[in-house]
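Visitor: Have a peek at target.cif (mmCIF, C-alpha atoms).
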data_structure
#
loop_
_atom_site.label_atom_id
_atom_site.label_comp_id
_atom_site.auth_asym_id
_atom_site.auth_seq_id
_atom_site.Cartn_x
_atom_site.Cartn_y
_atom_site.Cartn_z
CA MET A 1 143.86 -4.87 223.92
CA LEU A 2 141.93 -7.41 221.96
CA LEU A 3 139.06 -6.03 219.93
CA LEU A 4 138.18 -9.36 218.42
CA SER A 5 140.18 -12.55 218.33
CA ARG A 6 139.76 -16.28 217.82
CA PHE A 7 141.16 -18.78 220.27
CA ILE A 8 141.48 -22.54 220.13
CA ILE A 9 141.09 -24.23 223.51
CA LYS A 10 143.81 -26.58 224.66
CA GLY A 11 143.03 -28.61 227.75
CA HIS A 12 140.03 -29.94 229.59
CA SER A 13 139.51 -27.56 232.47
CA MET A 14 136.54 -25.81 230.84
CA GLU A 15 134.65 -29.00 230.05
CA PRO A 16 131.79 -29.65 229.61
CA THR A 17 131.16 -26.05 228.47
CA LEU A 18 134.18 -25.84 226.15
CA LEU A 19 135.85 -28.98 224.92
CA ASN A 20 139.49 -29.40 224.09
CA GLY A 21 139.92 -28.14 220.50
CA ALA A 22 136.88 -25.86 220.57
CA ILE A 23 137.22 -22.45 218.93
CA VAL A 24 135.87 -19.36 220.66
CA LEU A 25 135.57 -15.72 219.79
CA CYS A 26 136.82 -13.23 222.36
CA SER A 27 136.58 -9.46 222.62
CA SER A 28 137.72 -6.75 225.00
CA ILE A 29 134.96 -4.42 223.82
CA PRO A 30 132.35 -5.54 226.44
CA TYR A 31 134.80 -4.54 229.18
CA PHE A 32 135.17 -1.01 227.84
CA PHE A 33 131.84 -0.28 229.49
CA VAL A 34 131.51 -2.71 232.37
CA SER A 35 133.85 -4.77 234.50
CA PRO A 36 133.99 -8.55 234.13
CA ARG A 37 131.05 -10.10 235.94
CA VAL A 38 130.64 -13.28 237.92
CA GLY A 39 129.78 -16.03 235.41
CA ASP A 40 131.70 -14.50 232.48
CA ILE A 41 134.15 -16.76 230.65
CA VAL A 42 137.31 -14.72 230.22
CA ILE A 43 140.64 -14.89 228.47
CA VAL A 44 143.34 -13.94 230.92
CA LYS A 45 147.11 -13.73 231.05
CA ASP A 46 148.77 -15.93 233.64
CA ASN A 47 151.79 -13.87 234.62
CA GLU A 48 153.57 -16.83 236.14
CA THR A 49 153.71 -18.88 232.96
CA GLU A 50 153.17 -16.00 230.49
CA LYS A 51 150.45 -18.12 228.93
CA ILE A 52 147.00 -17.10 227.85
CA ILE A 53 144.40 -19.09 229.75
CA ILE A 54 140.64 -19.36 229.74
CA LYS A 55 138.54 -19.54 232.91
CA ARG A 56 135.23 -18.44 234.38
CA VAL A 57 134.82 -15.62 236.91
CA GLU A 58 133.61 -17.15 240.14
CA LYS A 59 134.11 -14.27 242.56
CA LYS A 60 135.03 -10.63 242.36
CA GLU A 61 136.50 -8.42 245.06
CA GLY A 62 137.18 -4.90 243.86
CA GLU A 63 139.61 -5.24 240.96
CA ARG A 64 140.59 -8.79 241.84
CA TYR A 65 138.99 -11.82 240.29
CA PHE A 66 138.78 -15.44 241.39
CA LEU A 67 138.77 -17.57 238.24
CA ILE A 68 137.90 -21.24 238.02
CA GLY A 69 137.50 -23.92 235.39
CA ASP A 70 134.07 -25.44 234.72
CA ASN A 71 135.63 -28.87 235.11
CA ILE A 72 135.56 -28.77 238.90
CA LYS A 73 137.28 -32.14 239.18
CA ASP A 74 140.34 -31.09 237.21
CA SER A 75 141.27 -27.48 236.69
CA LEU A 76 144.35 -25.46 237.40
CA ASP A 77 142.88 -22.12 238.40
CA SER A 78 142.62 -19.51 241.17
CA LYS A 79 142.35 -22.28 243.75
CA LYS A 80 146.05 -22.81 243.15
CA LEU A 81 147.13 -19.77 241.14
CA GLY A 82 145.45 -17.19 243.36
CA TRP A 83 143.46 -14.13 242.43
CA PHE A 84 143.90 -12.42 239.07
CA GLU A 85 144.05 -8.67 238.59
CA ARG A 86 141.63 -6.80 236.34
CA LYS A 87 144.54 -5.68 234.12
CA ASP A 88 145.35 -9.33 233.33
CA ILE A 89 141.89 -10.05 231.92
CA ILE A 90 142.23 -9.64 228.19
CA GLY A 91 138.67 -10.11 227.06
CA LYS A 92 135.36 -11.85 227.30
CA VAL A 93 134.40 -14.98 225.42
CA ILE A 94 131.43 -13.83 223.38
CA PHE A 95 130.78 -16.87 221.18
CA MET B 1 125.24 -10.53 205.98
CA SER B 2 126.02 -13.49 208.24
CA LYS B 3 128.26 -14.93 205.47
CA ILE B 4 130.27 -11.70 205.40
CA LEU B 5 130.52 -11.82 209.19
CA ASP B 6 131.58 -15.48 209.06
CA PHE B 7 134.26 -14.59 206.52
CA PHE B 8 135.73 -11.84 208.68
CA ILE B 9 135.64 -14.07 211.75
CA LYS B 10 137.45 -16.86 209.90
CA ILE B 11 140.28 -14.62 208.74
CA LEU B 12 141.04 -13.60 212.32
CA PRO B 13 144.29 -15.22 213.44
CA LEU B 14 143.80 -18.26 215.64
CA LYS B 15 145.58 -18.11 219.00
CA THR B 16 145.76 -20.66 221.79
CA ALA B 17 144.01 -20.31 225.14
CA TYR B 18 145.03 -22.92 227.67
CA ALA B 19 142.37 -24.58 229.76
CA HIS B 20 144.90 -26.16 232.04
CA CYS B 21 144.06 -29.19 234.07
CA ASP B 22 145.41 -29.54 237.56
CA ILE B 23 146.39 -33.12 236.90
CA PRO B 24 148.69 -33.57 233.93
CA CYS B 25 148.30 -37.34 234.21
CA GLY B 26 150.50 -38.26 231.26
CA ILE B 27 148.44 -41.39 230.69
CA TYR B 28 147.49 -41.72 227.05
CA ASP B 29 146.66 -44.75 224.95
CA PRO B 30 144.91 -44.99 221.57
CA HIS B 31 143.54 -48.42 222.47
CA LEU B 32 140.09 -47.20 223.50
CA ALA B 33 139.68 -45.44 220.16
CA GLN B 34 140.46 -48.70 218.39
CA LEU B 35 137.94 -50.64 220.51
CA ALA B 36 135.35 -48.01 219.71
CA ALA B 37 136.15 -48.20 215.97
CA HIS B 38 135.64 -51.97 216.06
CA THR B 39 132.34 -51.40 217.87
CA VAL B 40 131.21 -48.99 215.14
CA ILE B 41 131.92 -51.71 212.55
CA ARG B 42 130.06 -54.27 214.63
CA MET B 43 127.01 -52.05 215.14
CA THR B 44 126.93 -51.19 211.44
CA SER B 45 126.95 -54.89 210.64
CA LEU B 46 124.23 -55.69 213.21
CA ILE B 47 122.03 -52.90 211.86
CA ASN B 48 122.45 -54.29 208.34
CA ASP B 49 121.51 -57.77 209.60
CA VAL B 50 118.23 -56.75 211.20
CA LYS B 51 115.42 -58.40 209.31
CA ILE B 52 112.53 -56.03 209.02
CA ASP B 53 109.15 -57.49 208.21
CA THR B 54 106.72 -54.63 207.82
CA ASN B 55 103.82 -57.08 207.80
CA ALA B 56 104.79 -58.53 211.17
CA PRO B 57 102.46 -58.10 214.14
CA ILE B 58 103.00 -54.95 216.17
CA GLU B 59 104.78 -56.79 219.01
CA GLU B 60 107.30 -58.23 216.54
CA ARG B 61 107.83 -54.85 214.88
CA LYS B 62 108.45 -53.31 218.29
CA LYS B 63 111.22 -55.85 218.82
CA PHE B 64 113.18 -54.97 215.73
CA ILE B 65 112.64 -51.24 216.22
CA HIS B 66 113.98 -51.72 219.73
CA GLN B 67 116.98 -53.66 218.42
CA LEU B 68 117.73 -51.05 215.77
CA SER B 69 117.50 -48.26 218.34
CA ARG B 70 120.00 -49.99 220.61
CA TYR B 71 122.48 -50.67 217.81
CA THR B 72 122.19 -47.11 216.52
CA LYS B 73 122.69 -45.70 220.00
CA ALA B 74 125.82 -47.82 220.52
CA LYS B 75 127.17 -46.80 217.08
CA GLU B 76 126.57 -43.14 217.89
CA GLU B 77 128.21 -43.36 221.31
CA HIS B 78 131.27 -45.24 220.11
CA ALA B 79 131.86 -42.89 217.18
CA GLU B 80 131.85 -40.10 219.76
CA ILE B 81 134.32 -42.04 221.95
CA ILE B 82 136.69 -42.20 218.97
CA LYS B 83 136.44 -38.44 218.48
CA TYR B 84 137.01 -37.78 222.17
CA GLU B 85 139.95 -40.15 222.61
CA VAL B 86 141.74 -39.01 219.45
CA ARG B 87 141.12 -35.36 220.26
CA VAL B 88 142.59 -35.73 223.76
CA ILE B 89 145.76 -37.43 222.52
CA TRP B 90 146.11 -34.98 219.65
CA GLY B 91 145.51 -31.90 221.83
CA ASP B 92 147.24 -32.90 225.04
CA TYR B 93 149.91 -35.44 224.20
CA PHE B 94 151.33 -34.59 220.78
CA LYS B 95 153.97 -31.88 220.74
CA PRO B 96 155.27 -29.76 217.83
CA GLU B 97 158.28 -32.06 217.39
CA HIS B 98 155.92 -35.05 216.95
CA VAL B 99 154.09 -33.16 214.21
CA LYS B 100 157.40 -32.29 212.58
CA ASP B 101 158.35 -35.98 212.48
CA ASN B 102 154.85 -37.02 211.39
CA PRO B 103 153.60 -34.26 209.08
CA GLU B 104 150.51 -36.26 208.16
CA LEU B 105 149.19 -36.15 211.74
CA HIS B 106 146.86 -33.13 211.51
CA GLU B 107 145.36 -34.30 208.25
CA LEU B 108 144.85 -37.77 209.72
CA VAL B 109 143.06 -36.41 212.80
CA PHE B 110 140.86 -34.29 210.55
CA LYS B 111 140.04 -37.41 208.53
CA ILE B 112 139.15 -39.35 211.72
CA MET B 113 136.84 -36.58 212.92
CA LYS B 114 135.03 -36.43 209.59
CA SER B 115 134.86 -40.19 209.23
CA ALA B 116 133.53 -40.65 212.78
CA SER B 117 130.82 -38.08 212.08
CA LYS B 118 129.95 -39.92 208.87
CA ALA B 119 129.78 -43.17 210.85
CA LYS B 120 127.12 -41.56 213.02
CA GLN B 121 125.14 -40.20 210.09
CA GLU B 122 125.16 -43.28 207.90
CA ILE B 123 125.03 -47.08 207.96
CA ASN B 124 128.20 -47.34 205.95
CA THR B 125 130.44 -50.40 206.28
CA GLU B 126 133.10 -49.02 203.96
CA ASN B 127 133.40 -45.82 205.99
CA ALA B 128 133.45 -47.77 209.27
CA ASN B 129 136.37 -49.85 207.96
CA GLU B 130 138.19 -46.73 206.76
CA LEU B 131 137.63 -45.19 210.19
CA LEU B 132 139.27 -48.16 211.92
CA SER B 133 142.15 -48.04 209.49
CA ALA B 134 142.71 -44.30 210.16
CA VAL B 135 142.52 -44.84 213.93
CA GLN B 136 145.10 -47.60 213.63
CA GLN B 137 147.37 -45.32 211.62
CA PHE B 138 146.95 -42.79 214.44
CA ALA B 139 147.90 -45.51 216.96
CA GLU B 140 151.03 -46.35 214.95
CA ILE B 141 152.14 -42.70 215.02
CA PHE B 142 151.41 -42.53 218.75
CA TRP B 143 153.58 -45.56 219.56
CA LYS B 144 156.30 -44.32 217.22
CA THR B 145 156.56 -41.10 219.25
CA LYS B 146 156.94 -43.26 222.36
CA ASN B 147 159.84 -45.06 220.66
CA ARG B 148 157.80 -48.24 220.72
CA GLU B 149 157.47 -50.41 217.68
CA SER B 150 153.83 -51.26 217.00
CA VAL B 151 152.47 -54.51 215.68
CA HIS B 152 149.17 -55.53 214.14
CA ILE B 153 147.64 -58.54 215.85
CA ALA B 154 144.41 -60.33 215.10
CA SER B 155 141.55 -59.01 217.17
CA SER B 156 139.43 -61.48 219.08
CA TYR B 157 136.30 -59.52 218.30
CA PRO B 158 133.37 -60.61 216.12
CA THR B 159 134.48 -57.92 213.68
CA GLY B 160 137.69 -59.83 212.96
CA GLY B 161 140.44 -57.60 211.61
CA GLU B 162 143.32 -56.37 213.67
CA ILE B 163 144.32 -54.14 216.52
CA VAL B 164 147.55 -52.17 216.81
CA ILE B 165 149.48 -52.61 220.03
CA PRO B 166 153.00 -51.71 221.16
CA LYS B 167 155.49 -54.54 220.75
#
Take the structure in the file and give it back as structure tokens.
Guide:
Amino acid sequence: MLLLSRFIIKGHSMEPTLLNGAIVLCSSIPYFFVSPRVGDIVIVKDNETEKIIIKRVEKKEGERYFLIGDNIKDSLDSKKLGWFERKDIIGKVIF
Amino acid sequence: MSKILDFFIKILPLKTAYAHCDIPCGIYDPHLAQLAAHTVIRMTSLINDVKIDTNAPIEERKKFIHQLSRYTKAKEEHAEIIKYEVRVIWGDYFKPEHVKDNPELHELVFKIMKSASKAKQEINTENANELLSAVQQFAEIFWKTKNRESVHIASSYPTGGEIVIPK
């Protein structure tokens, strides 16, 4: 549960949209009413590393989400990590 | 109202979200930032040297406007290269133990960011020199964390001065 939180981005996989060091505002409130949509930038928990990561929703199948980085040349995402579950998505980047 | 909102947003704790790359290349070098800092000095100097004759014929005036535009563009781009290169090393390479050993690091990076922005905004030789000096201090810390002694050698650039390289 993350009503409103600030995150600093570490890494380059969301470039050029979000640069390394950028600060974003994230909230779980939008997902109280609707499910994450294709195109949303989301904060998600990677259960393998226990780290909080940031990616964009590329595809959705039921409650499973395929998340990718905007930096298509260099991103560690669903292409390697696989699909993420809805319960792992913590919130939406709103600003 | 927006100030109140800003205040509440700023007091929210700052967490880290990883935007992992697939290729942790491990290749970092502050050299490009130094080259860019020398270029900022050079462009600042060239801009200052442009002789502007407002009574010159239009074709002549076009020439120096063109020159100024090119120098300004290069200054802008290279100040941005400094910010990018320093940010990448700071964000991706430096680890908490490096910061512990070099407590001035965060403040120094902050100074570089501000000084590079100032270098874009102004035609300021003093700031451009301070920017190079801060970038070189950053390079020294970088090589120290690699257990490499760094040395200052004379640059072969028109700007003179030095560059910091590993020994």
Visitor: Apply the PyMOL selection byres ((chain B) within 8 of (chain A)) to the file shown and report the selected residues as an MDAnalysis selection string.
Guide: chainID B and resid 9 12:23 87:88 91:92
Visitor: Calculate how many Å separate atom CA of Glu50 of chain A from atom CA of Val109 of chain B, rounding to one decimal.
Guide: 28.8 Å
Visitor: Taking the file above as input, evaluate the PyMOL selection byres ((chain A and resi 30) around 10) and report the hits as a PyMOL selection string.
Guide: chain A and resi 3+26-29+31-36+91-94
Visitor: Could you write out that same residue set with C-alpha atoms as an mmCIF file, keeping the file's coordinate frame?
Guide:
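New file result-v5.cif:
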data_model
loop_
_atom_site.group_PDB
_atom_site.id
_atom_site.type_symbol
_atom_site.label_atom_id
_atom_site.label_comp_id
_atom_site.auth_asym_id
_atom_site.auth_seq_id
_atom_site.Cartn_x
_atom_site.Cartn_y
_atom_site.Cartn_z
ATOM 1 C CA LEU A 3 139.060 -6.030 219.930
ATOM 2 C CA CYS A 26 136.820 -13.230 222.360
ATOM 3 C CA SER A 27 136.580 -9.460 222.620
ATOM 4 C CA SER A 28 137.720 -6.750 225.000
ATOM 5 C CA ILE A 29 134.960 -4.420 223.820
ATOM 6 C CA TYR A 31 134.800 -4.540 229.180
ATOM 7 C CA PHE A 32 135.170 -1.010 227.840
ATOM 8 C CA PHE A 33 131.840 -0.280 229.490
ATOM 9 C CA VAL A 34 131.510 -2.710 232.370
ATOM 10 C CA SER A 35 133.850 -4.770 234.500
ATOM 11 C CA PRO A 36 133.990 -8.550 234.130
ATOM 12 C CA GLY A 91 138.670 -10.110 227.060
ATOM 13 C CA LYS A 92 135.360 -11.850 227.300
ATOM 14 C CA VAL A 93 134.400 -14.980 225.420
ATOM 15 C CA ILE A 94 131.430 -13.830 223.380
#
Visitor: Have a look at atom CA of Met113 of chain B and atom CA of Trp90 of chain B and let me know their distance in Å, one decimal.
Guide: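 Going from atom CA of Met113 of chain B over to atom CA of Trp90 of chain B covers 11.6 Å.
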Visitor: Apply the PyMOL selection byres ((chain B and resi 79) around 7) to the file shown and report the selected residues as JSON, numbers by chain.
Guide: {"B": [36, 37, 40, 75, 76, 77, 78, 80, 81, 82, 83, 116, 119, 120]}
Visitor: Once you have the residues from the selection above, write them out as an mmCIF file, keeping the file's coordinate frame, restricted to C-alpha atoms.
Guide:
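The result, written out as out01.cif:
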data_model
loop_
_atom_site.group_PDB
_atom_site.id
_atom_site.type_symbol
_atom_site.label_atom_id
_atom_site.label_comp_id
_atom_site.auth_asym_id
_atom_site.auth_seq_id
_atom_site.Cartn_x
_atom_site.Cartn_y
_atom_site.Cartn_z
ATOM 1 C CA ALA B 36 135.350 -48.010 219.710
ATOM 2 C CA ALA B 37 136.150 -48.200 215.970
ATOM 3 C CA VAL B 40 131.210 -48.990 215.140
ATOM 4 C CA LYS B 75 127.170 -46.800 217.080
ATOM 5 C CA GLU B 76 126.570 -43.140 217.890
ATOM 6 C CA GLU B 77 128.210 -43.360 221.310
ATOM 7 C CA HIS B 78 131.270 -45.240 220.110
ATOM 8 C CA GLU B 80 131.850 -40.100 219.760
ATOM 9 C CA ILE B 81 134.320 -42.040 221.950
ATOM 10 C CA ILE B 82 136.690 -42.200 218.970
ATOM 11 C CA LYS B 83 136.440 -38.440 218.480
ATOM 12 C CA ALA B 116 133.530 -40.650 212.780
ATOM 13 C CA ALA B 119 129.780 -43.170 210.850
ATOM 14 C CA LYS B 120 127.120 -41.560 213.020
#
Visitor: So that I can check the surroundings of Tyr65 of chain A, please list as a list in words every protein, DNA and RNA residue that reaches within 10 Å of it, counting all atoms listed in the file and ignoring chain neighbours fewer than 6 positions away.
Guide: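 The contact residues come out as Pro36, Arg37, Val38, Arg56, Val57, Glu58, Lys59, Ser78, Gly82, Trp83, Phe84, Glu85, Arg86, Asp88 and Ile89 of chain A.
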Visitor: Between atom CA of Asn55 of chain B and atom CA of Leu68 of chain B, what is the spacing in Å?
Guide: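 Atom CA of Asn55 of chain B lies 17.1 Å from atom CA of Leu68 of chain B.
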Visitor: Taking the block above, write segment 33-57 of chain A with N, CA, C and O atoms as a PDB file, in the first residue's frame.
Guide:
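The file below, out_31.pdb, is the result:
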ATOM      1  N   PHE A  33      -9.330   1.979  -8.182  1.00  0.00           N
ATOM      2  CA  PHE A  33     -10.545   2.019  -9.010  1.00  0.00           C
ATOM      3  C   PHE A  33     -10.391   1.263 -10.324  1.00  0.00           C
ATOM      4  O   PHE A  33     -11.351   0.696 -10.832  1.00  0.00           O
ATOM      5  N   VAL A  34      -9.190   1.315 -10.873  1.00  0.00           N
ATOM      6  CA  VAL A  34      -8.974   0.615 -12.152  1.00  0.00           C
ATOM      7  C   VAL A  34      -7.673  -0.183 -12.065  1.00  0.00           C
ATOM      8  O   VAL A  34      -6.812   0.114 -11.241  1.00  0.00           O
ATOM      9  N   SER A  35      -7.551  -1.157 -12.938  1.00  0.00           N
ATOM     10  CA  SER A  35      -6.311  -1.941 -12.985  1.00  0.00           C
ATOM     11  C   SER A  35      -5.265  -1.167 -13.770  1.00  0.00           C
ATOM     12  O   SER A  35      -5.604  -0.296 -14.572  1.00  0.00           O
ATOM     13  N   PRO A  36      -3.979  -1.491 -13.530  1.00  0.00           N
ATOM     14  CA  PRO A  36      -2.938  -0.854 -14.346  1.00  0.00           C
ATOM     15  C   PRO A  36      -3.219  -1.059 -15.828  1.00  0.00           C
ATOM     16  O   PRO A  36      -3.668  -2.131 -16.235  1.00  0.00           O
ATOM     17  N   ARG A  37      -2.967  -0.013 -16.600  1.00  0.00           N
ATOM     18  CA  ARG A  37      -3.264  -0.068 -18.030  1.00  0.00           C
ATOM     19  C   ARG A  37      -1.984  -0.095 -18.835  1.00  0.00           C
ATOM     20  O   ARG A  37      -0.938   0.368 -18.373  1.00  0.00           O
ATOM     21  N   VAL A  38      -2.106  -0.588 -20.057  1.00  0.00           N
ATOM     22  CA  VAL A  38      -0.971  -0.567 -20.975  1.00  0.00           C
ATOM     23  C   VAL A  38      -0.534   0.897 -21.149  1.00  0.00           C
ATOM     24  O   VAL A  38      -1.372   1.774 -21.362  1.00  0.00           O
ATOM     25  N   GLY A  39       0.771   1.138 -21.002  1.00  0.00           N
ATOM     26  CA  GLY A  39       1.301   2.504 -21.134  1.00  0.00           C
ATOM     27  C   GLY A  39       1.606   3.139 -19.790  1.00  0.00           C
ATOM     28  O   GLY A  39       2.402   4.074 -19.716  1.00  0.00           O
ATOM     29  N   ASP A  40       1.008   2.632 -18.711  1.00  0.00           N
ATOM     30  CA  ASP A  40       1.284   3.198 -17.378  1.00  0.00           C
ATOM     31  C   ASP A  40       2.734   2.915 -16.982  1.00  0.00           C
ATOM     32  O   ASP A  40       3.266   1.840 -17.263  1.00  0.00           O
ATOM     33  N   ILE A  41       3.358   3.876 -16.310  1.00  0.00           N
ATOM     34  CA  ILE A  41       4.663   3.615 -15.684  1.00  0.00           C
ATOM     35  C   ILE A  41       4.358   3.226 -14.241  1.00  0.00           C
ATOM     36  O   ILE A  41       3.637   3.951 -13.543  1.00  0.00           O
ATOM     37  N   VAL A  42       4.860   2.062 -13.841  1.00  0.00           N
ATOM     38  CA  VAL A  42       4.497   1.542 -12.527  1.00  0.00           C
ATOM     39  C   VAL A  42       5.728   1.247 -11.672  1.00  0.00           C
ATOM     40  O   VAL A  42       6.818   0.996 -12.181  1.00  0.00           O
ATOM     41  N   ILE A  43       5.507   1.315 -10.375  1.00  0.00           N
ATOM     42  CA  ILE A  43       6.500   0.877  -9.399  1.00  0.00           C
ATOM     43  C   ILE A  43       6.090  -0.533  -8.997  1.00  0.00           C
ATOM     44  O   ILE A  43       4.927  -0.771  -8.646  1.00  0.00           O
ATOM     45  N   VAL A  44       7.043  -1.448  -9.078  1.00  0.00           N
ATOM     46  CA  VAL A  44       6.698  -2.841  -8.863  1.00  0.00           C
ATOM     47  C   VAL A  44       7.775  -3.534  -8.039  1.00  0.00           C
ATOM     48  O   VAL A  44       8.939  -3.136  -8.081  1.00  0.00           O
ATOM     49  N   LYS A  45       7.367  -4.546  -7.297  1.00  0.00           N
ATOM     50  CA  LYS A  45       8.337  -5.290  -6.501  1.00  0.00           C
ATOM     51  C   LYS A  45       8.822  -6.492  -7.306  1.00  0.00           C
ATOM     52  O   LYS A  45       8.015  -7.286  -7.805  1.00  0.00           O
ATOM     53  N   ASP A  46      10.139  -6.581  -7.443  1.00  0.00           N
ATOM     54  CA  ASP A  46      10.729  -7.746  -8.104  1.00  0.00           C
ATOM     55  C   ASP A  46      11.007  -8.782  -7.021  1.00  0.00           C
ATOM     56  O   ASP A  46      11.898  -8.608  -6.204  1.00  0.00           O
ATOM     57  N   ASN A  47      10.211  -9.824  -7.018  1.00  0.00           N
ATOM     58  CA  ASN A  47      10.304 -10.812  -5.929  1.00  0.00           C
ATOM     59  C   ASN A  47      11.629 -11.567  -5.915  1.00  0.00           C
ATOM     60  O   ASN A  47      12.032 -12.073  -4.881  1.00  0.00           O
ATOM     61  N   GLU A  48      12.277 -11.620  -7.059  1.00  0.00           N
ATOM     62  CA  GLU A  48      13.544 -12.354  -7.117  1.00  0.00           C
ATOM     63  C   GLU A  48      14.645 -11.627  -6.348  1.00  0.00           C
ATOM     64  O   GLU A  48      15.411 -12.219  -5.603  1.00  0.00           O
ATOM     65  N   THR A  49      14.709 -10.313  -6.556  1.00  0.00           N
ATOM     66  CA  THR A  49      15.782  -9.542  -5.911  1.00  0.00           C
ATOM     67  C   THR A  49      15.285  -8.779  -4.679  1.00  0.00           C
ATOM     68  O   THR A  49      16.084  -8.196  -3.953  1.00  0.00           O
ATOM     69  N   GLU A  50      13.945  -8.779  -4.485  1.00  0.00           N
ATOM     70  CA  GLU A  50      13.339  -8.022  -3.380  1.00  0.00           C
ATOM     71  C   GLU A  50      13.509  -6.520  -3.561  1.00  0.00           C
ATOM     72  O   GLU A  50      13.370  -5.754  -2.612  1.00  0.00           O
ATOM     73  N   LYS A  51      13.836  -6.121  -4.777  1.00  0.00           N
ATOM     74  CA  LYS A  51      14.037  -4.685  -5.019  1.00  0.00           C
ATOM     75  C   LYS A  51      12.782  -4.065  -5.634  1.00  0.00           C
ATOM     76  O   LYS A  51      11.990  -4.754  -6.267  1.00  0.00           O
ATOM     77  N   ILE A  52      12.682  -2.762  -5.414  1.00  0.00           N
ATOM     78  CA  ILE A  52      11.592  -2.007  -6.026  1.00  0.00           C
ATOM     79  C   ILE A  52      12.091  -1.510  -7.371  1.00  0.00           C
ATOM     80  O   ILE A  52      13.141  -0.863  -7.443  1.00  0.00           O
ATOM     81  N   ILE A  53      11.354  -1.817  -8.429  1.00  0.00           N
ATOM     82  CA  ILE A  53      11.804  -1.390  -9.750  1.00  0.00           C
ATOM     83  C   ILE A  53      10.720  -0.560 -10.430  1.00  0.00           C
ATOM     84  O   ILE A  53       9.572  -0.552 -10.003  1.00  0.00           O
ATOM     85  N   ILE A  54      11.135   0.116 -11.477  1.00  0.00           N
ATOM     86  CA  ILE A  54      10.196   0.969 -12.213  1.00  0.00           C
ATOM     87  C   ILE A  54      10.210   0.559 -13.681  1.00  0.00           C
ATOM     88  O   ILE A  54      11.280   0.412 -14.272  1.00  0.00           O
ATOM     89  N   LYS A  55       9.039   0.328 -14.231  1.00  0.00           N
ATOM     90  CA  LYS A  55       8.929  -0.102 -15.639  1.00  0.00           C
ATOM     91  C   LYS A  55       7.602   0.389 -16.208  1.00  0.00           C
ATOM     92  O   LYS A  55       6.760   0.929 -15.494  1.00  0.00           O
ATOM     93  N   ARG A  56       7.429   0.153 -17.508  1.00  0.00           N
ATOM     94  CA  ARG A  56       6.172   0.536 -18.153  1.00  0.00           C
ATOM     95  C   ARG A  56       5.388  -0.725 -18.540  1.00  0.00           C
ATOM     96  O   ARG A  56       5.993  -1.725 -18.935  1.00  0.00           O
ATOM     97  N   VAL A  57       4.071  -0.647 -18.396  1.00  0.00           N
ATOM     98  CA  VAL A  57       3.226  -1.795 -18.767  1.00  0.00           C
ATOM     99  C   VAL A  57       3.157  -1.873 -20.289  1.00  0.00           C
ATOM    100  O   VAL A  57       2.713  -0.926 -20.946  1.00  0.00           O
TER     101      VAL A  57
END
